[in-house]
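Participant: What follows is the file upload_25.pdb, containing PDB, C-alpha atoms and all ligand atoms:
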MODEL        1
ATOM      1  CA  MET A   1      28.863-141.949-145.971
ATOM      2  CA  SER A   2      29.675-140.224-149.234
ATOM      3  CA  LYS A   3      29.811-136.436-149.237
ATOM      4  CA  LYS A   4      27.335-134.446-151.285
ATOM      5  CA  ILE A   5      28.482-131.413-153.208
ATOM      6  CA  PHE A   6      26.141-129.218-155.197
ATOM      7  CA  VAL A   7      27.836-127.412-158.104
ATOM      8  CA  ILE A   8      25.888-124.376-159.270
ATOM      9  CA  ASN A   9      26.800-122.328-162.348
ATOM     10  CA  GLY A  10      25.288-119.036-163.396
ATOM     11  CA  PRO A  11      24.651-117.087-166.577
ATOM     12  CA  ASN A  12      26.472-117.751-169.826
ATOM     13  CA  LEU A  13      28.446-120.653-168.389
ATOM     14  CA  ASN A  14      26.275-122.942-170.522
ATOM     15  CA  LEU A  15      28.285-121.472-173.423
ATOM     16  CA  LEU A  16      31.676-122.585-172.098
ATOM     17  CA  GLY A  17      33.731-124.107-174.874
ATOM     18  CA  GLU A  18      32.684-121.473-177.370
ATOM     19  CA  ARG A  19      32.442-118.412-175.117
ATOM     20  CA  GLU A  20      35.609-116.261-175.130
ATOM     21  CA  PRO A  21      37.925-119.313-175.087
ATOM     22  CA  GLY A  22      40.973-117.096-174.523
ATOM     23  CA  ILE A  23      39.524-116.256-171.094
ATOM     24  CA  TYR A  24      37.441-119.273-170.177
ATOM     25  CA  GLY A  25      39.192-122.127-172.018
ATOM     26  CA  THR A  26      37.841-124.667-174.452
ATOM     27  CA  LEU A  27      36.159-127.200-172.167
ATOM     28  CA  THR A  28      32.378-127.271-172.101
ATOM     29  CA  LEU A  29      30.508-127.159-168.790
ATOM     30  CA  LYS A  30      29.513-130.782-169.346
ATOM     31  CA  GLU A  31      33.177-131.746-169.761
ATOM     32  CA  ILE A  32      34.118-129.850-166.587
ATOM     33  CA  ASN A  33      31.351-131.609-164.657
ATOM     34  CA  GLU A  34      32.305-135.033-166.052
ATOM     35  CA  GLY A  35      35.922-134.321-165.065
ATOM     36  CA  LEU A  36      34.849-133.651-161.471
ATOM     37  CA  LYS A  37      32.938-136.931-161.330
ATOM     38  CA  ARG A  38      35.969-138.799-162.705
ATOM     39  CA  SER A  39      38.395-137.100-160.303
ATOM     40  CA  PHE A  40      36.223-137.661-157.224
ATOM     41  CA  PRO A  41      34.315-140.917-157.722
ATOM     42  CA  ASP A  42      33.370-141.104-154.033
ATOM     43  CA  ILE A  43      31.590-137.767-154.004
ATOM     44  CA  GLU A  44      27.926-137.470-154.835
ATOM     45  CA  PHE A  45      27.679-134.451-157.146
ATOM     46  CA  THR A  46      24.567-132.591-158.193
ATOM     47  CA  PHE A  47      24.998-130.098-161.043
ATOM     48  CA  PHE A  48      22.820-127.141-161.951
ATOM     49  CA  GLN A  49      23.190-124.251-164.390
ATOM     50  CA  SER A  50      20.850-121.383-165.079
ATOM     51  CA  ASN A  51      20.915-118.000-166.748
ATOM     52  CA  HIS A  52      18.194-116.741-164.380
ATOM     53  CA  GLU A  53      18.833-115.164-161.006
ATOM     54  CA  GLY A  54      15.645-116.499-159.370
ATOM     55  CA  SER A  55      16.367-120.055-160.519
ATOM     56  CA  LEU A  56      19.822-119.770-158.990
ATOM     57  CA  VAL A  57      18.253-118.610-155.703
ATOM     58  CA  ASP A  58      15.888-121.608-155.883
ATOM     59  CA  SER A  59      18.804-123.954-156.498
ATOM     60  CA  ILE A  60      20.750-122.621-153.490
ATOM     61  CA  GLN A  61      17.659-123.211-151.334
ATOM     62  CA  GLN A  62      17.319-126.673-152.864
ATOM     63  CA  ALA A  63      20.718-127.545-151.382
ATOM     64  CA  LEU A  64      18.874-127.927-148.069
ATOM     65  CA  GLN A  65      16.561-130.623-149.481
ATOM     66  CA  LEU A  66      19.560-132.325-151.045
ATOM     67  CA  ASN A  67      21.314-132.330-147.676
ATOM     68  CA  ALA A  68      24.360-130.987-149.435
ATOM     69  CA  ASP A  69      27.580-130.871-147.415
ATOM     70  CA  GLY A  70      28.855-128.043-149.566
ATOM     71  CA  ILE A  71      28.028-125.777-152.470
ATOM     72  CA  ILE A  72      30.454-124.745-155.200
ATOM     73  CA  LEU A  73      29.046-121.589-156.751
ATOM     74  CA  ASN A  74      30.186-119.844-159.894
ATOM     75  CA  ALA A  75      27.532-117.150-160.013
ATOM     76  CA  ALA A  76      29.282-115.642-163.071
ATOM     77  CA  ALA A  77      28.157-112.025-163.675
ATOM     78  CA  TYR A  78      25.638-112.231-160.802
ATOM     79  CA  THR A  79      28.644-112.490-158.469
ATOM     80  CA  HIS A  80      29.143-108.786-158.917
ATOM     81  CA  THR A  81      25.534-107.663-158.658
ATOM     82  CA  SER A  82      23.253-110.046-156.812
ATOM     83  CA  ILE A  83      22.154-109.336-153.247
ATOM     84  CA  ALA A  84      19.523-112.061-153.725
ATOM     85  CA  LEU A  85      22.184-114.728-154.276
ATOM     86  CA  ARG A  86      24.192-113.391-151.362
ATOM     87  CA  ASP A  87      21.156-113.615-149.087
ATOM     88  CA  ALA A  88      20.387-117.136-150.324
ATOM     89  CA  VAL A  89      23.911-118.319-149.510
ATOM     90  CA  ALA A  90      23.712-116.676-146.069
ATOM     91  CA  SER A  91      20.279-118.220-145.444
ATOM     92  CA  VAL A  92      21.067-121.867-146.125
ATOM     93  CA  LYS A  93      24.141-121.955-143.872
ATOM     94  CA  ILE A  94      25.745-124.634-146.040
ATOM     95  CA  PRO A  95      29.457-123.974-146.569
ATOM     96  CA  THR A  96      29.810-122.400-149.990
ATOM     97  CA  ILE A  97      32.926-121.796-152.044
ATOM     98  CA  GLU A  98      32.781-119.089-154.694
ATOM     99  CA  VAL A  99      34.726-120.077-157.803
ATOM    100  CA  HIS A 100      35.728-118.378-161.034
ATOM    101  CA  LEU A 101      37.500-119.795-164.032
ATOM    102  CA  SER A 102      39.255-116.506-164.710
ATOM    103  CA  ASN A 103      41.225-114.392-162.258
ATOM    104  CA  VAL A 104      38.587-111.732-161.749
ATOM    105  CA  TYR A 105      41.130-109.442-160.032
ATOM    106  CA  ALA A 106      43.255-109.315-163.184
ATOM    107  CA  ARG A 107      40.267-108.169-165.244
ATOM    108  CA  GLU A 108      37.960-105.156-165.447
ATOM    109  CA  GLU A 109      37.404-103.258-162.216
ATOM    110  CA  PHE A 110      33.688-104.098-162.119
ATOM    111  CA  ARG A 111      34.690-107.742-161.596
ATOM    112  CA  HIS A 112      36.811-106.953-158.542
ATOM    113  CA  HIS A 113      33.867-106.788-156.175
ATOM    114  CA  SER A 114      31.835-109.824-155.193
ATOM    115  CA  GLN A 115      28.488-109.400-153.427
ATOM    116  CA  ILE A 116      28.708-113.046-152.406
ATOM    117  CA  ALA A 117      32.277-113.627-151.205
ATOM    118  CA  SER A 118      31.740-112.302-147.681
ATOM    119  CA  VAL A 119      29.176-115.006-146.908
ATOM    120  CA  CYS A 120      31.252-117.772-148.509
ATOM    121  CA  ARG A 121      33.761-120.059-146.843
ATOM    122  CA  GLY A 122      36.331-118.877-149.396
ATOM    123  CA  VAL A 123      36.974-117.904-152.986
ATOM    124  CA  ILE A 124      39.000-119.644-155.712
ATOM    125  CA  SER A 125      39.592-117.619-158.852
ATOM    126  CA  GLY A 126      41.840-117.942-161.865
ATOM    127  CA  PHE A 127      42.675-121.611-162.287
ATOM    128  CA  GLY A 128      40.363-122.410-165.188
ATOM    129  CA  PRO A 129      38.438-125.679-164.717
ATOM    130  CA  LYS A 130      40.856-126.516-161.894
ATOM    131  CA  SER A 131      39.139-123.812-159.807
ATOM    132  CA  TYR A 132      36.296-126.343-159.350
ATOM    133  CA  THR A 133      38.715-129.180-158.557
ATOM    134  CA  LEU A 134      40.508-127.031-155.987
ATOM    135  CA  ALA A 135      37.184-126.159-154.379
ATOM    136  CA  VAL A 136      36.405-129.864-153.940
ATOM    137  CA  HIS A 137      39.845-130.407-152.395
ATOM    138  CA  ALA A 138      39.157-127.511-150.016
ATOM    139  CA  PHE A 139      35.876-129.082-148.937
ATOM    140  CA  LEU A 140      37.506-132.481-148.449
ATOM    141  CA  ALA A 141      40.279-130.935-146.370
ATOM    142  CA  GLU A 142      37.653-129.378-144.096
ATOM    143  CA  LEU A 143      35.082-132.165-144.050
ATOM    144  CA  ASN A 144      37.701-134.770-143.210
ATOM    145  CA  GLY A 145      38.843-132.553-140.382
TER     146      GLY A 145
HETATM  147  C1  LIG A 201      33.344-115.754-164.169
HETATM  148  C2  LIG A 201      33.859-114.319-164.006
HETATM  149  C3  LIG A 201      32.718-113.322-164.063
HETATM  150  O1  LIG A 201      33.205-111.998-163.899
HETATM  151  C4  LIG A 201      32.024-113.406-165.409
HETATM  152  O2  LIG A 201      30.908-112.547-165.449
HETATM  153  C5  LIG A 201      31.636-114.797-165.780
HETATM  154  C6  LIG A 201      32.542-115.904-165.443
HETATM  155  C7  LIG A 201      34.489-116.776-164.239
HETATM  156  O3  LIG A 201      34.231-117.958-164.052
HETATM  157  O4  LIG A 201      35.645-116.411-164.498
HETATM  158  O5  LIG A 201      30.638-115.017-166.440
HETATM  159  O6  LIG A 201      32.552-116.077-163.047
ENDMDL
END
Render the structure in this file as structure tokens.
Facilitator:
Amino acid sequence: MSKKIFVINGPNLNLLGEREPGIYGTLTLKEINEGLKRSFPDIEFTFFQSNHEGSLVDSIQQALQLNADGIILNAAAYTHTSIALRDAVASVKIPTIEVHLSNVYAREEFRHHSQIASVCRGVISGFGPKSYTLAVHAFLAELNG
């Protein structure tokens, strides 16, 4: 049976392509998502983006209804602030990988702490759009035992 991965993106990631391209690259979120579908045709992806914390909490809970095997979460700025997202990830008990396009540890100090990482399976940060691809590979490595 095909694996289901829910890819959730947080605030300002809808602006990828035009937002600080020196840091985040020139691909749009749509192009990143299309690239994932092309690279992993056997995986059933669901994509969601929101600028609103509560909607992101709702989407993490929705992963249960979707029967998702894994969540890839780029919570963007909420990574560093949101206890609500952390609690949502802990509540659903679906393996979640935190991803970032940029290497948050090579940036401002306020980006060095993640509220969410400790309840995630792991963190991938700094590989641009490939951070998402690497997260899928990580899931496949685990799901296929
Ligand atoms: C980000 C890093 C965050 O610190 C920042 O607030 C973002 C994007 C990344 O993908 O590199 O919006 O999550």
Participant: Find the spatial neighbours of segment 6-13 of chain A, counting only C-alpha atoms, within a cut-off of 10 Å - ignore same-chain residues fewer than 3 positions away - and output them as a ChimeraX atom specification.
Facilitator: /A:16-19,24,28-29,33,36,44-53,55-56,59-60,62-63,66-79,96-100,132,136
Participant: What separation in Å, quoted to one decimal, exists between atom CA of Ile32 of chain A and atom CA of Val123 of chain A?
Facilitator: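 Atom CA of Val123 of chain A lies at a distance of 18.3 Å from atom CA of Ile32 of chain A.
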Participant: Given the file shown, determine the residues that the PyMOL selection byres (((chain A and resi 120) around 9) and not hetatm) selects; report them as a PyMOL selection string.
Facilitator: chain A and resi 86+89-90+95-98+116-119+121-123
Participant: What is the distance between atom CA of Arg111 of chain A and atom CA of Thr133 of chain A, in Å to one decimal?
Facilitator: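 It comes out at 22.0 Å.
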Participant: If the PyMOL selection byres (((chain A and resi 128) around 10) and not hetatm) were run on this exact file, what residues would it hold? Put them as a VMD selection string.
Facilitator: chain A and resid 23 to 27 32 99 to 103 124 to 127 129 to 133
Participant: Have a look at A:Met1, A:Val104, A:Leu140, A:Val57 and name the one nearest to ligand LIG 201 (chain A); count only C-alpha atoms and all ligand atoms.
Facilitator: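 Residue with the minimum atom-to-atom distance to ligand LIG 201 (chain A): A:Val104.
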Participant: Quick one: what's the axis-aligned box for ligand LIG 201 (chain A), all listed atoms, 8 Å on every side, centre and edges in Å to one decimal, as lines of an AutoDock Vina configuration file?
Facilitator:
center_x = 33.1
center_y = -115.0
center_z = -164.7
size_x = 21.0
size_y = 22.0
size_z = 19.4
Participant: Which residue, A:Asp42, A:Asp58, A:Glu109, A:Asp87, has the smallest gap to ligand LIG 201 (chain A) when you use all atoms listed in the file?
Facilitator: A:Glu109
Participant: What is the distance between atom CA of Gly54 of chain A and atom CA of Ile5 of chain A, in Å to one decimal?
Facilitator: 20.6 Å
Participant: Taking only C-alpha atoms and all ligand atoms into account, which of A:Ile94, A:Leu85, A:Ile43, A:Leu15 comes nearest ligand LIG 201 (chain A)?
Facilitator: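 Distance minimum relative to ligand LIG 201 (chain A) lands on A:Leu15.
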